[in-house]
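Visitor: Here it is: the structure, laid out below.
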Amino acid sequence: MGEQKLQGKRVAIVAADMVERVELVEPRKALEAAGAQTELISLKPGKITSFDHFDPADEIDVDKAVEEADASDYDALMIPGGVGNPDQLRGDENMVAFVRSFFEQGKPVAAICHAPWVLVEAGVVRDRKLTSWPTLQTDLRNAGANWVDEQVVVDQGLVTSRKPDDIPAFNKKMIEEFCEGKHAEQAEKTRAAT
């Protein structure tokens with residue numbers, strides 16, 4: 001297993017309070033095991049409180065506030081879910097712009113569960129095939145996405161999954177895509193759309 005596929009790559013993870021603990025902790029572990037350096041970027045410095053569904057769980061240290069973060073410093077982006085987390089992220093202009101820049105730069109992005117809400121706000125889901133927690137399907141379809149109910153979906157560098165049970169499949173695909181790096185086609189499409 002000791003393959004350092006992502007050696008030398010920097011991955012940004014964006015999250016706020018109420019992030020689903022397992023969806024932050026497990027993919028982060030997988031990324032680091034593959035050799036990536038990860039940084040947790042949030043709305044403000046300090047700590048965020050992760051949740052196990054509706055119950056508060058561990059506090060997690062924030063590495064950087066989004067105002068200080070620049071997408072060009074990272075190779076890829078991972079967005080965990082949890083009900084309250086993406087709602088806070090999508091309400092913050094800096095965060096939405098940060099997420100959008102990964103698409104504009106053609107960098108791979110992985111989003112699980114409720115996280116695609118942030119992608120809707122960033123205006124990057126039109127004509128994309130993706131999945132999410134089932135309650136988001138109407139929002140995603142309304143934003144022009146082709147929503148499917150599958151364990152893991154990959155579309156031009158965007159990896160999406162539905163729920164914590166999908167994490168093993170999600171991690172595997174995420175590492176593959178992060179390994180491949182930039183998608184010129186994705187960057188073109190996003191720039192044309194904005």
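Each chain in the structure tokens gets a letter, A, B, ..., in the order shown, and its residues are numbered from 1; ligands are numbered from 1 in order too.
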Determine which residues of stretch 40-162 of chain A receive a DSSP assignment of alpha helix (DSSP H), computed from the backbone, and state them as a PyMOL selection string.
Guide: chain A and resi 84-90+93-104+116-121+137-142
Visitor: For the residues selected in the previous step, produce a file with N, CA, C and O atoms as a compact mmCIF listing (two decimals), in the first residue's frame.
Guide:
```txt
# COMPACT_ATOMS: atom_id res chain seq x y z
N GLY A 84 -24.45 21.31 7.78
CA GLY A 84 -24.23 22.74 7.99
C GLY A 84 -22.97 23.28 7.34
O GLY A 84 -22.86 24.47 7.10
N ASN A 85 -22.02 22.39 7.07
CA ASN A 85 -20.73 22.81 6.54
C ASN A 85 -20.81 23.51 5.18
O ASN A 85 -20.43 24.67 5.06
N PRO A 86 -21.36 22.84 4.15
CA PRO A 86 -21.38 23.49 2.84
C PRO A 86 -22.26 24.74 2.81
O PRO A 86 -22.02 25.66 2.03
N ASP A 87 -23.27 24.78 3.69
CA ASP A 87 -24.14 25.95 3.70
C ASP A 87 -23.35 27.17 4.15
O ASP A 87 -23.52 28.26 3.60
N GLN A 88 -22.47 27.00 5.13
CA GLN A 88 -21.63 28.12 5.56
C GLN A 88 -20.60 28.48 4.50
O GLN A 88 -20.34 29.64 4.23
N LEU A 89 -20.02 27.45 3.88
CA LEU A 89 -18.99 27.69 2.87
C LEU A 89 -19.57 28.47 1.69
O LEU A 89 -18.98 29.42 1.21
N ARG A 90 -20.77 28.07 1.26
CA ARG A 90 -21.33 28.71 0.06
C ARG A 90 -21.84 30.12 0.34
O ARG A 90 -22.09 30.89 -0.58
N GLU A 93 -18.19 34.69 0.23
CA GLU A 93 -17.70 35.03 -1.11
C GLU A 93 -16.27 34.59 -1.37
O GLU A 93 -15.94 34.12 -2.45
N ASN A 94 -15.41 34.77 -0.36
CA ASN A 94 -14.00 34.37 -0.53
C ASN A 94 -13.90 32.87 -0.76
O ASN A 94 -13.11 32.41 -1.59
N MET A 95 -14.68 32.11 -0.01
CA MET A 95 -14.64 30.66 -0.14
C MET A 95 -15.15 30.22 -1.51
O MET A 95 -14.57 29.36 -2.17
N VAL A 96 -16.24 30.82 -1.96
CA VAL A 96 -16.81 30.47 -3.26
C VAL A 96 -15.81 30.78 -4.38
O VAL A 96 -15.59 29.98 -5.29
N ALA A 97 -15.14 31.93 -4.27
CA ALA A 97 -14.13 32.32 -5.26
C ALA A 97 -12.94 31.37 -5.23
O ALA A 97 -12.40 30.98 -6.28
N PHE A 98 -12.55 30.96 -4.02
CA PHE A 98 -11.42 30.03 -3.86
C PHE A 98 -11.74 28.70 -4.56
O PHE A 98 -10.94 28.17 -5.32
N VAL A 99 -12.94 28.19 -4.31
CA VAL A 99 -13.36 26.92 -4.93
C VAL A 99 -13.42 27.09 -6.45
O VAL A 99 -12.93 26.24 -7.21
N ARG A 100 -14.01 28.18 -6.92
CA ARG A 100 -14.14 28.40 -8.37
C ARG A 100 -12.77 28.43 -9.05
O ARG A 100 -12.60 27.92 -10.14
N SER A 101 -11.76 29.01 -8.35
CA SER A 101 -10.44 29.10 -9.01
C SER A 101 -9.83 27.74 -9.32
O SER A 101 -9.07 27.62 -10.27
N PHE A 102 -10.14 26.72 -8.52
CA PHE A 102 -9.61 25.38 -8.84
C PHE A 102 -10.15 24.92 -10.19
O PHE A 102 -9.42 24.31 -10.98
N PHE A 103 -11.41 25.21 -10.45
CA PHE A 103 -12.02 24.83 -11.73
C PHE A 103 -11.43 25.67 -12.87
O PHE A 103 -11.13 25.16 -13.94
N GLU A 104 -11.26 26.96 -12.61
CA GLU A 104 -10.69 27.84 -13.63
C GLU A 104 -9.27 27.43 -13.98
O GLU A 104 -8.84 27.56 -15.12
N PRO A 116 -21.39 19.23 -2.82
CA PRO A 116 -21.68 19.86 -4.12
C PRO A 116 -22.53 21.13 -4.05
O PRO A 116 -22.58 21.89 -5.02
N TRP A 117 -23.16 21.39 -2.91
CA TRP A 117 -23.87 22.67 -2.74
C TRP A 117 -22.92 23.84 -2.99
O TRP A 117 -23.29 24.86 -3.56
N VAL A 118 -21.67 23.68 -2.54
CA VAL A 118 -20.67 24.73 -2.72
C VAL A 118 -20.37 24.89 -4.22
O VAL A 118 -20.16 25.99 -4.70
N LEU A 119 -20.38 23.77 -4.94
CA LEU A 119 -20.08 23.80 -6.38
C LEU A 119 -21.20 24.51 -7.15
O LEU A 119 -20.94 25.19 -8.14
N VAL A 120 -22.44 24.36 -6.67
CA VAL A 120 -23.57 25.07 -7.30
C VAL A 120 -23.34 26.57 -7.16
O VAL A 120 -23.44 27.33 -8.12
N GLU A 121 -22.98 26.98 -5.95
CA GLU A 121 -22.76 28.40 -5.68
C GLU A 121 -21.59 28.94 -6.52
O GLU A 121 -21.61 30.09 -6.96
N GLN A 137 -30.19 16.55 -5.14
CA GLN A 137 -30.31 16.33 -6.57
C GLN A 137 -31.12 17.40 -7.30
O GLN A 137 -30.77 17.79 -8.41
N THR A 138 -32.18 17.91 -6.68
CA THR A 138 -32.99 18.95 -7.34
C THR A 138 -32.17 20.21 -7.54
O THR A 138 -32.17 20.79 -8.63
N ASP A 139 -31.45 20.64 -6.50
CA ASP A 139 -30.60 21.83 -6.61
C ASP A 139 -29.57 21.67 -7.71
O ASP A 139 -29.31 22.59 -8.47
N LEU A 140 -28.96 20.49 -7.76
CA LEU A 140 -27.91 20.25 -8.75
C LEU A 140 -28.49 20.21 -10.16
O LEU A 140 -27.92 20.80 -11.08
N ARG A 141 -29.64 19.56 -10.30
CA ARG A 141 -30.27 19.51 -11.63
C ARG A 141 -30.70 20.91 -12.07
O ARG A 141 -30.55 21.29 -13.23
N ASN A 142 -31.25 21.68 -11.13
CA ASN A 142 -31.66 23.05 -11.45
C ASN A 142 -30.47 23.90 -11.89
O ASN A 142 -30.63 24.86 -12.63
```
Visitor: Write out as an MDAnalysis selection string the residues lying within 7 Å of A:Met78, counting only C-alpha atoms and excluding same-chain residues fewer than 3 positions away.
Guide: chainID A and resid 12:14 109:111
Visitor: When DSSP works through the backbone of this structure, what residues of stretch 8-78 of chain A end up as strand (DSSP E), shown as an MDAnalysis selection string?
Guide: chainID A and resid 10:14 19:20 37:42 47:52 55:61 64:65 76:78
Visitor: Those selected residues, please, written with C-alpha atoms and delivered as a PDB file, in the first residue's frame.
Guide:
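Contents of selection.pdb, freshly written:
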```
ATOM      1  CA  ARG A  10      -0.454  19.979  -1.901  1.00  0.00           C
ATOM      2  CA  VAL A  11      -4.150  19.457  -1.333  1.00  0.00           C
ATOM      3  CA  ALA A  12      -6.492  22.079   0.090  1.00  0.00           C
ATOM      4  CA  ILE A  13      -9.415  20.812   2.191  1.00  0.00           C
ATOM      5  CA  VAL A  14     -12.170  23.354   2.811  1.00  0.00           C
ATOM      6  CA  VAL A  19     -18.418  19.232   8.768  1.00  0.00           C
ATOM      7  CA  GLU A  20     -19.114  15.467   8.798  1.00  0.00           C
ATOM      8  CA  GLN A  37       0.520  17.432   2.102  1.00  0.00           C
ATOM      9  CA  THR A  38      -2.937  18.645   3.184  1.00  0.00           C
ATOM     10  CA  GLU A  39      -4.084  21.964   4.603  1.00  0.00           C
ATOM     11  CA  LEU A  40      -7.453  22.610   6.185  1.00  0.00           C
ATOM     12  CA  ILE A  41      -8.786  25.959   5.040  1.00  0.00           C
ATOM     13  CA  SER A  42     -11.785  27.481   6.787  1.00  0.00           C
ATOM     14  CA  LYS A  47     -10.584  25.315  15.163  1.00  0.00           C
ATOM     15  CA  ILE A  48     -13.747  23.902  13.633  1.00  0.00           C
ATOM     16  CA  THR A  49     -16.124  21.467  15.313  1.00  0.00           C
ATOM     17  CA  SER A  50     -16.758  18.348  13.295  1.00  0.00           C
ATOM     18  CA  PHE A  51     -20.018  16.401  13.676  1.00  0.00           C
ATOM     19  CA  ASP A  52     -21.062  12.773  13.600  1.00  0.00           C
ATOM     20  CA  ASP A  55     -23.885  15.291  17.202  1.00  0.00           C
ATOM     21  CA  PRO A  56     -20.782  17.413  17.828  1.00  0.00           C
ATOM     22  CA  ALA A  57     -17.565  15.382  17.597  1.00  0.00           C
ATOM     23  CA  ASP A  58     -13.868  16.338  17.485  1.00  0.00           C
ATOM     24  CA  GLU A  59     -12.456  19.809  17.123  1.00  0.00           C
ATOM     25  CA  ILE A  60     -10.058  20.051  14.198  1.00  0.00           C
ATOM     26  CA  ASP A  61      -7.302  22.647  13.786  1.00  0.00           C
ATOM     27  CA  LYS A  64      -5.336  28.736   7.169  1.00  0.00           C
ATOM     28  CA  ALA A  65      -8.216  31.204   6.824  1.00  0.00           C
ATOM     29  CA  ALA A  76      -6.107  19.824  -5.823  1.00  0.00           C
ATOM     30  CA  LEU A  77      -9.142  20.483  -3.613  1.00  0.00           C
ATOM     31  CA  MET A  78     -11.216  18.199  -1.390  1.00  0.00           C
TER      32      MET A  78
END
```
Visitor: Using only C-alpha atoms, can you tell me which of A:Val153, A:Leu6, A:Ile79, A:Ala115 comes closest to A:Pro27?
Guide: A:Ile79
Visitor: Pick out the closest residue to A:Lys29 from this set: A:Asn171, A:Asp17, A:Val124, A:His53. Count only C-alpha atoms.
Guide: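 The shortest atom-to-atom distance to A:Lys29 comes from A:Asn171.
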Visitor: Can you tell me how far atom CA of A:Val25 sits from atom CA of A:Gln4, in Å to one decimal?
Guide: 18.8 Å
Visitor: One decimal, Å: what's the distance from atom CA of A:Phe54 over to atom CA of A:Gly82, could you say?
Guide: 8.8 Å
Visitor: For A:Glu26, which of A:Pro108, A:Gly144, A:Pro80, A:Gly8 is the closest residue, counting only C-alpha atoms?
Guide: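 Ranking A:Pro108, A:Gly144, A:Pro80, A:Gly8 by distance to A:Glu26, first place goes to A:Pro80.
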Visitor: In Å, with one decimal, what is the gap from atom CA of A:Thr160 to atom CA of A:Lys189?
Guide: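 It comes out at 18.3 Å.
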